[in-house]
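Peer 1: Pasting in a structure now, in structure tokens, and then I'll have a few things to ask.
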Amino acid sequence: QVQLVESGGGLVQAGGSLRLSCAASGSISRINTMGWYRQAPGKQRDLVATITGRGGTNYADSSKGRFTISRDNAKNTVYLQMNSLKPEDTAVYYCNLITIGGINYWGKGTLVTVSS
């Protein structure tokens, strides 16, 4: 079993920055993919960015150039640095981990609100 705990959400003005963190605990293999997804009110949950155990990254088009995903394998933690935030980035941000066996785990989410 894996537990994911997000932190770092909050209220920020447009153009500002936030850094999200997600700490994983439990039965974790280094060979896994971690990532961030977000869900705005009334919308589906969408990909923000993912990072493999070896550091390979994938970003949604809306994240490219503004967001950076990184991870510290020693701490089992993934980060999302978000710069140049826009009101449309307002959403609940969820941490995700996919094991090598294909099992998905989700955090409870952290709210990011960007004011105009």
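FYI, nothing fancy with the structure tokens labels: chains A, B, ... in order, residues from 1 per chain, ligands from 1 as they appear.
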Identify all residues of chain A in strand (DSSP E) (DSSP on the backbone) and supply them as number ranges by chain.

Peer 2: A: 2-7, 10-13, 18-26, 33-39, 45-52, 57-59, 67-72, 77-82, 91-98, 104-106, 110-115

Peer 1: Would you kindly return, as a list in words, each protein, DNA or RNA residue with an atom no farther than 9 Å from any atom of Lys86 of chain A, considering only C-alpha atoms and excluding same-chain residues fewer than 6 positions away?

Peer 2: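 Those residues are Gln13, Ala14, Gly15, Gly16, Val114, Ser115 and Ser116 of chain A.
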
Peer 1: Show which residues sit within 12 Å of Gly26 of chain A, as a PyMOL selection string. Count only C-alpha atoms, and ignore same-chain residues fewer than 5 positions away.

Peer 2: chain A and resi 1-5+76+97+99+105

Peer 1: Can you write just those residues out, N, CA, C and O atoms, as a PDB file, in the first residue's frame?

Peer 2:
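File out02.pdb, as written:
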```
ATOM      1  N   GLN A   1       0.846  -1.191   0.000  1.00  0.00           N
ATOM      2  CA  GLN A   1       0.000   0.000   0.000  1.00  0.00           C
ATOM      3  C   GLN A   1       0.882   1.241   0.000  1.00  0.00           C
ATOM      4  O   GLN A   1       1.948   1.266   0.613  1.00  0.00           O
ATOM      5  N   VAL A   2       0.429   2.249  -0.716  1.00  0.00           N
ATOM      6  CA  VAL A   2       1.176   3.510  -0.842  1.00  0.00           C
ATOM      7  C   VAL A   2       0.287   4.655  -0.400  1.00  0.00           C
ATOM      8  O   VAL A   2      -0.899   4.703  -0.751  1.00  0.00           O
ATOM      9  N   GLN A   3       0.846   5.569   0.356  1.00  0.00           N
ATOM     10  CA  GLN A   3       0.132   6.783   0.742  1.00  0.00           C
ATOM     11  C   GLN A   3       0.842   7.993   0.135  1.00  0.00           C
ATOM     12  O   GLN A   3       2.072   8.061   0.139  1.00  0.00           O
ATOM     13  N   LEU A   4       0.039   8.924  -0.363  1.00  0.00           N
ATOM     14  CA  LEU A   4       0.558  10.147  -0.968  1.00  0.00           C
ATOM     15  C   LEU A   4      -0.029  11.347  -0.243  1.00  0.00           C
ATOM     16  O   LEU A   4      -1.252  11.431  -0.082  1.00  0.00           O
ATOM     17  N   VAL A   5       0.827  12.265   0.171  1.00  0.00           N
ATOM     18  CA  VAL A   5       0.364  13.457   0.881  1.00  0.00           C
ATOM     19  C   VAL A   5       0.900  14.699   0.174  1.00  0.00           C
ATOM     20  O   VAL A   5       2.116  14.891   0.096  1.00  0.00           O
ATOM     21  N   ASN A  76      11.483  10.030  -1.603  1.00  0.00           N
ATOM     22  CA  ASN A  76      10.206   9.580  -2.186  1.00  0.00           C
ATOM     23  C   ASN A  76       9.237  10.750  -2.346  1.00  0.00           C
ATOM     24  O   ASN A  76       8.049  10.652  -1.991  1.00  0.00           O
ATOM     25  N   LEU A  97       0.848   8.252  -8.315  1.00  0.00           N
ATOM     26  CA  LEU A  97       1.981   7.323  -8.432  1.00  0.00           C
ATOM     27  C   LEU A  97       1.482   6.068  -9.115  1.00  0.00           C
ATOM     28  O   LEU A  97       0.424   5.519  -8.745  1.00  0.00           O
ATOM     29  N   THR A  99       2.748   2.263  -9.959  1.00  0.00           N
ATOM     30  CA  THR A  99       3.797   1.285  -9.674  1.00  0.00           C
ATOM     31  C   THR A  99       4.240   0.596 -10.948  1.00  0.00           C
ATOM     32  O   THR A  99       3.572   0.662 -11.987  1.00  0.00           O
ATOM     33  N   TYR A 105      -2.088   5.058  -7.539  1.00  0.00           N
ATOM     34  CA  TYR A 105      -2.406   5.632  -6.235  1.00  0.00           C
ATOM     35  C   TYR A 105      -2.583   7.139  -6.396  1.00  0.00           C
ATOM     36  O   TYR A 105      -1.892   7.760  -7.210  1.00  0.00           O
TER      37      TYR A 105
END
```

Peer 1: Thr113 of chain A: which residues within 12 Å, counting only C-alpha atoms, same-chain residues fewer than 2 positions away excluded, as a list in words?

Peer 2: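 Close residues of Thr113 of chain A: Gly8, Gly9, Gly10, Leu11, Val12, Gln13, Ala14, Gly16, Ser17, Leu18, Arg38, Gln39, Ala40, Pro41, Leu85, Lys86, Pro87, Glu88, Asp89, Thr90, Ala91, Val92, Tyr93, Thr110, Leu111, Ser115 and Ser116 of chain A.
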
Peer 1: Please produce an output containing N, CA and C atoms for each residue in the selection, written as a PDB file, in the first residue's frame.

Peer 2:
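What ended up in out_35.pdb:
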```pdb
ATOM      1  N   GLY A   8       1.513  22.496  -0.177  1.00  0.00           N
ATOM      2  CA  GLY A   8       2.017  23.633  -0.936  1.00  0.00           C
ATOM      3  C   GLY A   8       0.971  24.432  -1.693  1.00  0.00           C
ATOM      4  N   GLY A   9      -0.272  23.979  -1.690  1.00  0.00           N
ATOM      5  CA  GLY A   9      -1.303  24.740  -2.371  1.00  0.00           C
ATOM      6  C   GLY A   9      -1.636  26.016  -1.621  1.00  0.00           C
ATOM      7  N   GLY A  10      -2.429  26.861  -2.248  1.00  0.00           N
ATOM      8  CA  GLY A  10      -2.823  28.105  -1.601  1.00  0.00           C
ATOM      9  C   GLY A  10      -3.339  29.107  -2.599  1.00  0.00           C
ATOM     10  N   LEU A  11      -3.433  30.332  -2.133  1.00  0.00           N
ATOM     11  CA  LEU A  11      -3.927  31.444  -2.941  1.00  0.00           C
ATOM     12  C   LEU A  11      -2.752  32.288  -3.408  1.00  0.00           C
ATOM     13  N   VAL A  12      -2.732  32.588  -4.701  1.00  0.00           N
ATOM     14  CA  VAL A  12      -1.648  33.386  -5.265  1.00  0.00           C
ATOM     15  C   VAL A  12      -2.229  34.287  -6.345  1.00  0.00           C
ATOM     16  N   GLN A  13      -1.611  35.423  -6.545  1.00  0.00           N
ATOM     17  CA  GLN A  13      -2.052  36.322  -7.608  1.00  0.00           C
ATOM     18  C   GLN A  13      -1.525  35.855  -8.955  1.00  0.00           C
ATOM     19  N   ALA A  14      -2.216  36.227  -9.986  1.00  0.00           N
ATOM     20  CA  ALA A  14      -1.770  35.895 -11.336  1.00  0.00           C
ATOM     21  C   ALA A  14      -0.351  36.418 -11.545  1.00  0.00           C
ATOM     22  N   GLY A  16       2.191  34.939 -10.209  1.00  0.00           N
ATOM     23  CA  GLY A  16       2.967  34.453  -9.086  1.00  0.00           C
ATOM     24  C   GLY A  16       3.398  33.006  -9.244  1.00  0.00           C
ATOM     25  N   SER A  17       4.011  32.475  -8.187  1.00  0.00           N
ATOM     26  CA  SER A  17       4.561  31.124  -8.215  1.00  0.00           C
ATOM     27  C   SER A  17       4.127  30.347  -6.977  1.00  0.00           C
ATOM     28  N   LEU A  18       4.059  29.052  -7.142  1.00  0.00           N
ATOM     29  CA  LEU A  18       3.831  28.126  -6.033  1.00  0.00           C
ATOM     30  C   LEU A  18       4.651  26.878  -6.286  1.00  0.00           C
ATOM     31  N   ARG A  38      -4.715  17.730 -12.347  1.00  0.00           N
ATOM     32  CA  ARG A  38      -5.538  18.771 -11.728  1.00  0.00           C
ATOM     33  C   ARG A  38      -6.976  18.671 -12.214  1.00  0.00           C
ATOM     34  N   GLN A  39      -7.858  19.147 -11.348  1.00  0.00           N
ATOM     35  CA  GLN A  39      -9.277  19.112 -11.676  1.00  0.00           C
ATOM     36  C   GLN A  39      -9.910  20.422 -11.249  1.00  0.00           C
ATOM     37  N   ALA A  40     -10.384  21.162 -12.235  1.00  0.00           N
ATOM     38  CA  ALA A  40     -11.093  22.412 -11.972  1.00  0.00           C
ATOM     39  C   ALA A  40     -12.569  22.087 -11.747  1.00  0.00           C
ATOM     40  N   PRO A  41     -13.286  22.982 -11.088  1.00  0.00           N
ATOM     41  CA  PRO A  41     -14.715  22.720 -10.821  1.00  0.00           C
ATOM     42  C   PRO A  41     -15.492  22.446 -12.104  1.00  0.00           C
ATOM     43  N   LEU A  85       1.710  31.867 -12.953  1.00  0.00           N
ATOM     44  CA  LEU A  85       0.392  31.262 -12.780  1.00  0.00           C
ATOM     45  C   LEU A  85      -0.704  32.149 -13.352  1.00  0.00           C
ATOM     46  N   LYS A  86      -1.727  31.487 -13.877  1.00  0.00           N
ATOM     47  CA  LYS A  86      -2.864  32.155 -14.493  1.00  0.00           C
ATOM     48  C   LYS A  86      -4.145  31.753 -13.758  1.00  0.00           C
ATOM     49  N   PRO A  87      -5.173  32.579 -13.824  1.00  0.00           N
ATOM     50  CA  PRO A  87      -6.441  32.189 -13.182  1.00  0.00           C
ATOM     51  C   PRO A  87      -6.952  30.833 -13.656  1.00  0.00           C
ATOM     52  N   GLU A  88      -6.696  30.488 -14.896  1.00  0.00           N
ATOM     53  CA  GLU A  88      -7.160  29.193 -15.406  1.00  0.00           C
ATOM     54  C   GLU A  88      -6.379  28.007 -14.843  1.00  0.00           C
ATOM     55  N   ASP A  89      -5.326  28.277 -14.083  1.00  0.00           N
ATOM     56  CA  ASP A  89      -4.619  27.202 -13.389  1.00  0.00           C
ATOM     57  C   ASP A  89      -5.308  26.826 -12.080  1.00  0.00           C
ATOM     58  N   THR A  90      -6.326  27.575 -11.705  1.00  0.00           N
ATOM     59  CA  THR A  90      -7.061  27.286 -10.477  1.00  0.00           C
ATOM     60  C   THR A  90      -7.696  25.905 -10.553  1.00  0.00           C
ATOM     61  N   ALA A  91      -7.387  25.071  -9.569  1.00  0.00           N
ATOM     62  CA  ALA A  91      -7.870  23.691  -9.562  1.00  0.00           C
ATOM     63  C   ALA A  91      -7.393  22.998  -8.291  1.00  0.00           C
ATOM     64  N   VAL A  92      -7.932  21.820  -8.066  1.00  0.00           N
ATOM     65  CA  VAL A  92      -7.359  20.923  -7.065  1.00  0.00           C
ATOM     66  C   VAL A  92      -6.288  20.099  -7.773  1.00  0.00           C
ATOM     67  N   TYR A  93      -5.112  20.097  -7.214  1.00  0.00           N
ATOM     68  CA  TYR A  93      -3.975  19.387  -7.803  1.00  0.00           C
ATOM     69  C   TYR A  93      -3.768  18.081  -7.041  1.00  0.00           C
ATOM     70  N   THR A 110      -4.592  19.074  -3.288  1.00  0.00           N
ATOM     71  CA  THR A 110      -4.321  20.362  -2.649  1.00  0.00           C
ATOM     72  C   THR A 110      -4.848  21.457  -3.571  1.00  0.00           C
ATOM     73  N   LEU A 111      -5.544  22.419  -2.994  1.00  0.00           N
ATOM     74  CA  LEU A 111      -6.210  23.441  -3.788  1.00  0.00           C
ATOM     75  C   LEU A 111      -5.254  24.577  -4.126  1.00  0.00           C
ATOM     76  N   SER A 115      -5.748  34.239  -8.325  1.00  0.00           N
ATOM     77  CA  SER A 115      -6.639  35.391  -8.477  1.00  0.00           C
ATOM     78  C   SER A 115      -6.145  36.311  -9.585  1.00  0.00           C
ATOM     79  N   SER A 116      -7.096  36.955 -10.240  1.00  0.00           N
ATOM     80  CA  SER A 116      -6.728  37.846 -11.349  1.00  0.00           C
ATOM     81  C   SER A 116      -6.497  39.269 -10.869  1.00  0.00           C
TER      82      SER A 116
END
```

Peer 1: May I ask for the distance between atom CA of Thr52 of chain A and atom CA of Ile31 of chain A, given in Å to one decimal place?

Peer 2: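 Computing the Euclidean distance for atom CA of Thr52 of chain A and atom CA of Ile31 of chain A yields 7.4 Å.
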
Peer 1: A:Thr50, A:Ile98, A:Trp106, A:Ala24: which is nearest Lys75 of chain A, counting only C-alpha atoms?

Peer 2: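 Checking each of A:Thr50, A:Ile98, A:Trp106, A:Ala24 against Lys75 of chain A, counting only C-alpha atoms, the winner is A:Ala24.
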
Peer 1: Here is a test: counting only C-alpha atoms, which residue of A:Gly55, A:Trp36, A:Gly107, A:Asn83 is nearest to Arg71 of chain A?

Peer 2: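 Selected residue with least distance to Arg71 of chain A: A:Gly55.
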
Peer 1: Ranking A:Ser70, A:Val112, A:Gly42, A:Gln81 by minimum distance to Asn58 of chain A and counting only C-alpha atoms, which one comes first?

Peer 2: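 Smallest distance to Asn58 of chain A is found for A:Ser70.
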
Peer 1: I want to know what sits within 10 Å of Gly65 of chain A, based on only C-alpha atoms, with residues of the same chain fewer than 2 positions away left out; could you give that as a ChimeraX atom specification?

Peer 2: /A:59,61-63,67-68,82-84

Peer 1: May I have the selected residues written with all heavy atoms, as a short mmCIF file (atom, residue, chain, number, x, y, z; two decimals), in the first residue's frame?

Peer 2:
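Dumped everything to again28.cif:
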```cif
data_model
loop_
_atom_site.label_atom_id
_atom_site.label_comp_id
_atom_site.auth_asym_id
_atom_site.auth_seq_id
_atom_site.Cartn_x
_atom_site.Cartn_y
_atom_site.Cartn_z
N TYR A 59 4.93 16.69 -20.07
CA TYR A 59 4.13 17.82 -19.66
C TYR A 59 2.92 18.00 -20.56
O TYR A 59 2.99 17.77 -21.77
CB TYR A 59 4.95 19.12 -19.74
CG TYR A 59 6.06 19.23 -18.74
CD1 TYR A 59 7.34 18.78 -19.03
CD2 TYR A 59 5.85 19.81 -17.48
CE1 TYR A 59 8.37 18.89 -18.11
CE2 TYR A 59 6.87 19.92 -16.56
CZ TYR A 59 8.12 19.46 -16.88
OH TYR A 59 9.15 19.58 -15.96
N ASP A 61 0.50 20.45 -22.60
CA ASP A 61 0.84 21.66 -23.35
C ASP A 61 0.66 22.91 -22.50
O ASP A 61 1.44 23.86 -22.59
CB ASP A 61 -0.02 21.76 -24.61
CG ASP A 61 0.41 20.75 -25.68
OD1 ASP A 61 1.53 20.21 -25.58
OD2 ASP A 61 -0.39 20.50 -26.60
N SER A 62 -0.36 22.91 -21.66
CA SER A 62 -0.65 24.08 -20.83
C SER A 62 0.40 24.31 -19.75
O SER A 62 0.47 25.40 -19.16
CB SER A 62 -2.03 23.94 -20.20
OG SER A 62 -2.09 22.77 -19.40
N SER A 63 1.21 23.28 -19.48
CA SER A 63 2.22 23.37 -18.42
C SER A 63 3.60 23.72 -18.96
O SER A 63 4.45 24.22 -18.21
CB SER A 63 2.33 22.02 -17.70
OG SER A 63 1.09 21.61 -17.18
N PHE A 67 5.73 25.29 -15.84
CA PHE A 67 5.79 24.35 -14.71
C PHE A 67 7.00 23.43 -14.88
O PHE A 67 7.37 23.07 -15.99
CB PHE A 67 4.53 23.49 -14.66
CG PHE A 67 3.26 24.24 -14.37
CD1 PHE A 67 2.05 23.54 -14.34
CD2 PHE A 67 3.24 25.60 -14.13
CE1 PHE A 67 0.87 24.20 -14.09
CE2 PHE A 67 2.06 26.27 -13.88
CZ PHE A 67 0.87 25.57 -13.86
N THR A 68 7.58 23.04 -13.76
CA THR A 68 8.69 22.10 -13.77
C THR A 68 8.44 21.02 -12.73
O THR A 68 8.23 21.33 -11.55
CB THR A 68 10.02 22.79 -13.47
OG1 THR A 68 10.24 23.84 -14.43
CG2 THR A 68 11.17 21.80 -13.55
N MET A 82 5.53 25.83 -10.05
CA MET A 82 4.61 26.49 -10.96
C MET A 82 4.90 27.98 -10.98
O MET A 82 4.82 28.64 -9.93
CB MET A 82 3.16 26.24 -10.52
CG MET A 82 2.80 24.77 -10.41
SD MET A 82 1.06 24.49 -10.09
CE MET A 82 0.91 25.17 -8.44
N ASN A 83 5.26 28.48 -12.14
CA ASN A 83 5.56 29.90 -12.32
C ASN A 83 4.56 30.52 -13.29
O ASN A 83 3.88 29.82 -14.03
CB ASN A 83 6.98 30.07 -12.85
CG ASN A 83 8.03 29.53 -11.92
OD1 ASN A 83 7.89 29.58 -10.69
ND2 ASN A 83 9.10 28.99 -12.46
N SER A 84 4.53 31.85 -13.28
CA SER A 84 3.64 32.58 -14.20
C SER A 84 2.22 32.03 -14.15
O SER A 84 1.59 31.77 -15.18
CB SER A 84 4.18 32.51 -15.63
OG SER A 84 5.49 33.03 -15.69
#
```

Peer 1: Between atom CA of Ile103 of chain A and atom CA of Asn32 of chain A, what distance in Å does the model show, to one decimal?

Peer 2: 9.9 Å

Peer 1: Counting only C-alpha atoms, which residue out of A:Ile100, A:Ile28, A:Cys22, A:Met34 sits closest to Ile51 of chain A?

Peer 2: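 The closest residue to Ile51 of chain A is A:Met34.
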